[in-house]
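These notes are about the structure you will find just below.
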Amino acid sequence: MEKRVLFRSSWLPWLLLAPQVIVISVFFFWPAAQALLQSFQLQDAFGSSTEWVGLANFENLFNDPGYLASFKTTAVFSVLVAVLGISLSLTLAIFADRIIKGALFYKTLLVVPYAVAPAVAGVLWVFMFSPALGVVAYALEQVGINWNHLLDSGHAMTLIVMAAVWKQISYNFLFFLAGLQSIPKSLIEAAAIDGAHPWRRFWTIQFPLLSPTTFFLLVINMVYAFFDTFAIVDATTHGGPGQDTSILVYKVYYDGFKAMDLGGSAAQSVVLMLIVIALTVVQFRYVEKKVQY
Amino acid sequence: MKSRLSTLTFAACALLAPLASQAQTDIQWWHSMVAVNNEWVNDLAKDFNASQKEYRIVPTYKGSYDESMTAAIAAFRAGNAPHILQVFEVGTATMMASKGAIVPVAKVMKDAGQKFDPTAYISAVAGYYTAPNGQMLSFPFNSSTTIFYYNKDAFKAAGLDPDKAPSTWPEVALAAAKLKASGHKCPFTTAWQGWTQLESFSAWHNVEFASKSNGLAGMDARMKINSPLHQRHIENLASMSKQGLFVYKGRGNVPEASFISGECAMINTSSGFYGNVAKNTKFGYGLAPLPYYPDVPGAPQNTVIGGASLWVMSGKKPAEYKGVAAFFSYISSPEVQSASHKRTGYLPVTTAAYQLTEKSGFYKEKPGTDVAVTQMIRKVTDKSRGIRLGNYVQVRAIEDEELEQVWSGKKSAKEALDAIVKRGNEQLERFQKANKS
C-alpha cells in the first residue's frame, strides 16, 4: 500500500508547481511555440513583411538533397559522439576509481575540459590539426599521413567528432565515477573472493549496476550531439568540405543567425525537435527496459 | 535594500549626467572594425566630435559584420536600433529590401540641407549602393576590391622576374610551375574563392554573374555563372590543383595566413589585406592587378567592390538625422577620405580623394597601393557595375561548398557550377518571395 499525501486545497498544488511551470513555459514552451509559428511563415530579415506560407518551408527543406544528406551526416556524427564519449569516459572512470595515489589530481584534470566553451574547444582542435600550423598535423605528416580536413571529408568528420567527444568526456566521467563509487564494495569483494577476475567483475557486477547511469548519459549525449555542437562545427569546418560536416543543428544556426532566413531556420528546428522527441521516446520505451534500477 | 539604494543613486546620476553636458545629441554608430581599423573608426568619431559642439558620435564595436547586422536587426525589432549601422556588401540587398527599416542617405542629406553629390563618388562604388530609381541608399565607407599579391623573394628563388607579376592566367600557371620546381609547396592560393574566382572574375572579364545587371536592376535576377568561360576558369584551377600548383587553403580570409607565413607564394584576395602584408611579412612583396584570360574580348574590365557601407536606420528624431548628415559630410571631405585611404588601404571612394592622394606622392612612395584604385575607376558596364543579390550570405556559402567539391575531385567544374546556379537560384527565388511588397 503506497503512502500518499493528498492536497485538499485546489490551488495549493498549482502554487507549488508554479515556479517550475513558469520557468519551463518561458524558456521552453514559449520559444518552441514561436519556432512552430515561424516555420509556417516567410519573413524578411527586419520582420516588416510576414507572409503565411503553410508548409512551403518544409517542402523546400525536403526537396533539398543537401538537407537530406545532412540527416545521414548527423546520424553518423551523433552515434560516434555518443558511443565514443560514453565508452572513453567509462574507461577513464574505471581507472580513476581504482587508483589511490594522486586520485584528486587525476580527477580534476579530467573535469577541466567541461569548463571550456564549445567554440573554444573547436578552435583548440583546429589549431592542433591545421594543415599549415598544427602540431598534430605536422606529426601525422612525419608518419606519412597527409592531414587535410579542408578537402578530405573523413578527416573533417574525425576532427569534429574528436572535439565534441573531448568536450563531453568530463561530464560523462563525473557521472560514471559517482556511479562506480556508489556500488557497495562488499559486492565486489564477495565476487573477488569467489574468484572472479577484474574483467568478469566489471561485466557481471559493475556494468549492470551502472546501467541507469549509462542510460541517462546516452540520452544526454544524444541531445548534446544534436543540439550543443554547432559552435564546434562553426569554429572548425563551417560544415565543409562541401556540406560533409553540416549537421542539422549547424544548418539551423547558420540559416537563422548568419543568413537571417528565419522561416527556413524555424522549420529546421521544428524537424530537429521532432527527431529528438522521437529518439527520446524510443530510448525510454525500449532501451530503458534493459536498465536495472 | 542597500544595494537597491545604490542602484537608484546610480540611475539618478546616469540620468542627470547628460544634462550637465548641455543637450548634446548622441548618435549611435555600430560597426565591425577591429584592431588598427577600430582605432581608425574611433579617431574619426573623436575628430568629428572635437570639430563641433552640437552632436556626439558614439562608435560601438558590435562583433563581426554578420554579428553586428544580426544585432541591429534584433534591436530594430525591439525598437532601439542604432542611428548608423555599418553593413558589409553581402548584406546590401537585405538592407535595400527592408524599406521600412532604413532611411536613404540621399534623403537624410537633403532633409538636413547638407550638400551631397553622388557623382563625386567612383561610379563602381556609388552604383553599388544606389537603388534602381537612382537614389543613393547608403553611404560608401570602407570599400575594397580583389587584387593579386606575390612573394618577390620566392620569385627570385624560382628564377622569375620579381618585378614582373604574371598578368594573365596562363602566366600564373607558368610561374606556379617554376615555383613548384624550385621546391615551393604552395605556389598559388586564393582567399574568398567565391568573391575572387567567380564574382570579381565575371566583372573583370565583362561577363554576367547574374541576370538583371547582376541583381542591381531588380530582385528577379538569376545566376549565370555556368557559362563556358566560367567553366574554363574553374577547370583550369582544378587542373592546377591536381598538379599541386594551386593549393586550397580554406574559406573566407583564412588562406591569407599562408601568404604571410611565406608558405604560399601568390594569392588572390582583398585590397584590405595590404595593411597586414605591409606590417607582418618578412619578405619582399608585390601587388598587382587580378590575372585575366587575354583572348577574352573586353578583359580586363574592372573589379567589383567588397567592404562595407553605412546605413541610416529609421524611426529617429529629426535633430539626430541632422547630426548623422553632418557626420557624413565631415567624413566625405577629400582630406578625411584621403587620410583614411592611406591609413587603412581601403579605397578612396571619391575621385577627389584619389587625386589628392596621388598629388601627395603616396602611390610613388608605396608602389602597388594604387592597384585597387586603378582597377576600380574604369568606366563600368552593366555586367561589371557590381553584384548585389538577395540571400547573398547563403549564395556565398553555396559557392564555397560546391567549389570545394571541385578541388577535392568529387565534381567536375561543370557539375559544380550547374549546382551553384541551381541552388543559388532557389535562394534568389526565396528572397524575392520574402520581400515581395
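All residue names refer to the C-alpha cells as shown: chains lettered A, B, ... in order, residues numbered from 1 in each chain, ligands numbered from 1 in order.
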For a quick test of understanding: name the residues of chain A lying within 8 Å of chain B when counting only C-alpha atoms, and present them as a VMD selection string.
chain A and resid 42 to 51 132 150 to 152 240 to 243 255 257 to 260
So that I can check the surroundings of Lys422 (chain B), please list as JSON, numbers by chain every protein, DNA and RNA residue that reaches within 12 Å of it, counting only C-alpha atoms and ignoring chain neighbours fewer than 3 positions away.
{"A": [64, 65], "B": [222, 223, 224, 225, 226, 395, 398, 399, 402, 415, 416, 417, 418, 419, 425, 426, 427, 428, 429]}
Would you mind exporting the chosen residues as a CSV table (one decimal), in the first residue's frame, restricted to N, CA and C atoms?
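The file below, out_30.csv, is the result:
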chain,number,residue,atom,x,y,z
A,64,ASP,N,15.5,19.6,-50.9
A,64,ASP,CA,16.9,20.0,-51.0
A,64,ASP,C,17.8,18.7,-50.6
A,65,PRO,N,18.5,18.2,-51.6
A,65,PRO,CA,19.2,17.0,-51.4
A,65,PRO,C,20.3,17.2,-50.3
B,222,ARG,N,18.8,36.1,-61.8
B,222,ARG,CA,19.1,34.7,-61.7
B,222,ARG,C,20.6,34.5,-62.0
B,223,MET,N,21.2,33.4,-61.4
B,223,MET,CA,22.6,33.2,-61.6
B,223,MET,C,23.0,32.8,-63.0
B,224,LYS,N,24.1,33.2,-63.5
B,224,LYS,CA,24.5,32.8,-64.8
B,224,LYS,C,26.0,32.4,-64.9
B,225,ILE,N,26.5,31.8,-63.8
B,225,ILE,CA,27.9,31.5,-63.8
B,225,ILE,C,28.3,30.1,-64.3
B,226,ASN,N,27.4,29.5,-65.0
B,226,ASN,CA,27.9,28.2,-65.6
B,226,ASN,C,28.2,28.4,-67.1
B,395,VAL,N,24.3,32.4,-50.8
B,395,VAL,CA,24.9,32.2,-52.1
B,395,VAL,C,26.4,32.0,-52.0
B,398,ILE,N,27.1,28.6,-50.7
B,398,ILE,CA,26.9,27.6,-51.7
B,398,ILE,C,28.2,27.6,-52.7
B,399,GLU,N,28.7,28.8,-53.0
B,399,GLU,CA,29.9,28.8,-53.9
B,399,GLU,C,31.0,28.1,-53.2
B,402,GLU,N,30.4,24.1,-53.2
B,402,GLU,CA,30.5,23.5,-54.5
B,402,GLU,C,31.9,23.5,-55.0
B,415,GLU,N,29.7,20.4,-63.3
B,415,GLU,CA,28.7,19.9,-62.3
B,415,GLU,C,28.6,20.9,-61.2
B,416,ALA,N,29.7,21.4,-60.7
B,416,ALA,CA,29.7,22.3,-59.6
B,416,ALA,C,29.1,23.6,-59.9
B,417,LEU,N,29.4,24.1,-61.1
B,417,LEU,CA,28.9,25.4,-61.5
B,417,LEU,C,27.3,25.3,-61.7
B,418,ASP,N,26.9,24.2,-62.4
B,418,ASP,CA,25.5,24.0,-62.5
B,418,ASP,C,24.8,23.9,-61.2
B,419,ALA,N,25.4,23.3,-60.2
B,419,ALA,CA,24.8,23.2,-58.9
B,419,ALA,C,24.7,24.5,-58.2
B,425,ASN,N,19.8,29.9,-57.4
B,425,ASN,CA,18.5,30.4,-57.9
B,425,ASN,C,17.4,30.1,-56.9
B,426,GLU,N,17.5,29.0,-56.2
B,426,GLU,CA,16.5,28.7,-55.2
B,426,GLU,C,16.5,29.8,-54.1
B,427,GLN,N,17.7,30.2,-53.7
B,427,GLN,CA,17.9,31.2,-52.7
B,427,GLN,C,17.3,32.6,-53.2
B,428,LEU,N,17.6,32.9,-54.5
B,428,LEU,CA,17.1,34.1,-55.0
B,428,LEU,C,15.6,34.2,-55.1
B,429,GLU,N,15.0,33.0,-55.5
B,429,GLU,CA,13.6,33.0,-55.6
B,429,GLU,C,13.0,33.2,-54.2
CA of Asn60 (chain A) sits from CA of Glu199 (chain B) at a separation of 26.4 Å
Write out as an mmCIF file with C-alpha atoms, in the first residue's frame the residues lying within 9 Å of region 163-165 of chain B, counting only C-alpha atoms and excluding same-chain residues fewer than 2 positions away.
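Once written, selection_36.cif looks like this:
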data_model
loop_
_atom_site.group_PDB
_atom_site.id
_atom_site.type_symbol
_atom_site.label_atom_id
_atom_site.label_comp_id
_atom_site.auth_asym_id
_atom_site.auth_seq_id
_atom_site.Cartn_x
_atom_site.Cartn_y
_atom_site.Cartn_z
ATOM 1 C CA PHE B 148 46.853 39.855 -56.599
ATOM 2 C CA TYR B 149 49.787 39.635 -54.164
ATOM 3 C CA TYR B 150 53.049 37.787 -54.766
ATOM 4 C CA LYS B 152 59.172 38.615 -54.613
ATOM 5 C CA LEU B 160 61.326 34.505 -62.140
ATOM 6 C CA ASP B 161 61.484 38.259 -62.616
ATOM 7 C CA SER B 167 49.242 39.344 -65.605
ATOM 8 C CA GLU B 171 51.306 33.233 -66.942
ATOM 9 C CA VAL B 172 50.157 32.424 -63.405
ATOM 10 C CA GLY B 286 54.402 42.917 -54.806
ATOM 11 C CA LEU B 287 50.816 43.996 -55.517
ATOM 12 C CA ALA B 288 49.360 43.539 -58.980
ATOM 13 C CA PRO B 289 46.019 43.565 -60.800
#
Identify all residues of region 36-106 of chain B in strand (DSSP E or B) (DSSP on the backbone) and supply them as a PyMOL selection string.
chain B and resi 55-61+84-88+102-103
Spatial neighbours of Phe58 (chain A), 12 Å, only C-alpha atoms, chain gap at least 3 places, as a PyMOL selection string:
chain A and resi 36+38-42+53-55+61-64+67-68+263-271
Please write the residues from the selection above to a file, keeping C-alpha atoms, as a PDB file, in the first residue's frame.
ATOM      1  CA  LEU A  36       6.480  26.385 -34.689  1.00  0.00           C
ATOM      2  CA  GLN A  38       7.618  30.946 -37.661  1.00  0.00           C
ATOM      3  CA  SER A  39       8.119  27.692 -39.501  1.00  0.00           C
ATOM      4  CA  PHE A  40       4.875  28.363 -41.373  1.00  0.00           C
ATOM      5  CA  GLN A  41       5.902  31.910 -42.272  1.00  0.00           C
ATOM      6  CA  LEU A  42       8.214  33.605 -44.708  1.00  0.00           C
ATOM      7  CA  VAL A  53       3.218  30.108 -46.455  1.00  0.00           C
ATOM      8  CA  GLY A  54       1.808  26.948 -44.923  1.00  0.00           C
ATOM      9  CA  LEU A  55       4.109  24.009 -45.429  1.00  0.00           C
ATOM     10  CA  LEU A  61      13.739  21.571 -46.996  1.00  0.00           C
ATOM     11  CA  PHE A  62      12.776  18.127 -48.125  1.00  0.00           C
ATOM     12  CA  ASN A  63      13.350  18.989 -51.781  1.00  0.00           C
ATOM     13  CA  ASP A  64      16.924  19.964 -50.964  1.00  0.00           C
ATOM     14  CA  TYR A  67      19.306  18.745 -46.304  1.00  0.00           C
ATOM     15  CA  LEU A  68      18.529  15.061 -46.715  1.00  0.00           C
ATOM     16  CA  GLY A 263      11.271  30.801 -41.612  1.00  0.00           C
ATOM     17  CA  GLY A 264      13.641  28.212 -43.059  1.00  0.00           C
ATOM     18  CA  SER A 265      15.623  28.032 -39.857  1.00  0.00           C
ATOM     19  CA  ALA A 266      12.468  27.658 -37.735  1.00  0.00           C
ATOM     20  CA  ALA A 267      11.225  24.832 -39.962  1.00  0.00           C
ATOM     21  CA  GLN A 268      14.537  23.059 -39.483  1.00  0.00           C
ATOM     22  CA  SER A 269      14.413  23.444 -35.730  1.00  0.00           C
ATOM     23  CA  VAL A 270      10.886  22.008 -35.695  1.00  0.00           C
ATOM     24  CA  VAL A 271      12.156  18.975 -37.633  1.00  0.00           C
TER      25      VAL A 271
END
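Comparing A:Ala164, A:Ile86, A:Ala278, A:Ala121 by their smallest distance to Phe227 (chain A), the closest is A:Ala164 (using only C-alpha atoms).
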Using only C-alpha atoms, which residues sit within 8 Å of Pro300 (chain B) once same-chain residues fewer than 5 positions away are excluded, as a ChimeraX atom specification?
/B:204-206,292
All helix (DSSP H, G or I) residues (DSSP, backbone) inside region 47-223 of chain A, as number ranges by chain:
A: 56-62, 65-98, 103-115, 118-129, 135-142, 153-181, 185-193, 198-223
Selection: 9 Å around Ala175 (chain B), only C-alpha atoms, excl. self and same-chain fewer than 4 positions, as a PyMOL selection string
chain B and resi 155+158+160+166+170-171+179-180+187
Could you name the residues that touch Gly159 (chain B) at 9 Å or less, counting only C-alpha atoms, but leaving out those on the same chain fewer than 3 positions away, as a PyMOL selection string?
chain B and resi 154-156+162+178-179+182
Would you mind exporting N, CA and C atoms of the selected residues as an mmCIF file, in the first residue's frame?
data_model
loop_
_atom_site.group_PDB
_atom_site.id
_atom_site.type_symbol
_atom_site.label_atom_id
_atom_site.label_comp_id
_atom_site.auth_asym_id
_atom_site.auth_seq_id
_atom_site.Cartn_x
_atom_site.Cartn_y
_atom_site.Cartn_z
ATOM 1 N N ALA B 154 60.380 34.653 -53.251
ATOM 2 C CA ALA B 154 60.130 33.331 -53.820
ATOM 3 C C ALA B 154 60.287 33.371 -55.339
ATOM 4 N N PHE B 155 59.865 34.479 -55.946
ATOM 5 C CA PHE B 155 60.012 34.620 -57.402
ATOM 6 C C PHE B 155 61.489 34.588 -57.792
ATOM 7 N N LYS B 156 62.294 35.316 -57.044
ATOM 8 C CA LYS B 156 63.736 35.343 -57.323
ATOM 9 C C LYS B 156 64.310 33.935 -57.217
ATOM 10 N N PRO B 162 61.240 39.229 -60.366
ATOM 11 C CA PRO B 162 60.438 39.678 -59.215
ATOM 12 C C PRO B 162 59.714 41.002 -59.466
ATOM 13 N N LYS B 178 57.107 26.989 -62.176
ATOM 14 C CA LYS B 178 58.512 27.278 -61.848
ATOM 15 C C LYS B 178 58.718 27.302 -60.336
ATOM 16 N N LEU B 179 57.744 27.900 -59.618
ATOM 17 C CA LEU B 179 57.838 27.959 -58.166
ATOM 18 C C LEU B 179 57.857 26.557 -57.584
ATOM 19 N N SER B 182 61.071 24.886 -58.028
ATOM 20 C CA SER B 182 62.112 25.368 -57.121
ATOM 21 C C SER B 182 61.851 24.917 -55.686
#
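The coordinates place CA of His341 (chain B) at 8.4 Å from CA of Ala353 (chain B).
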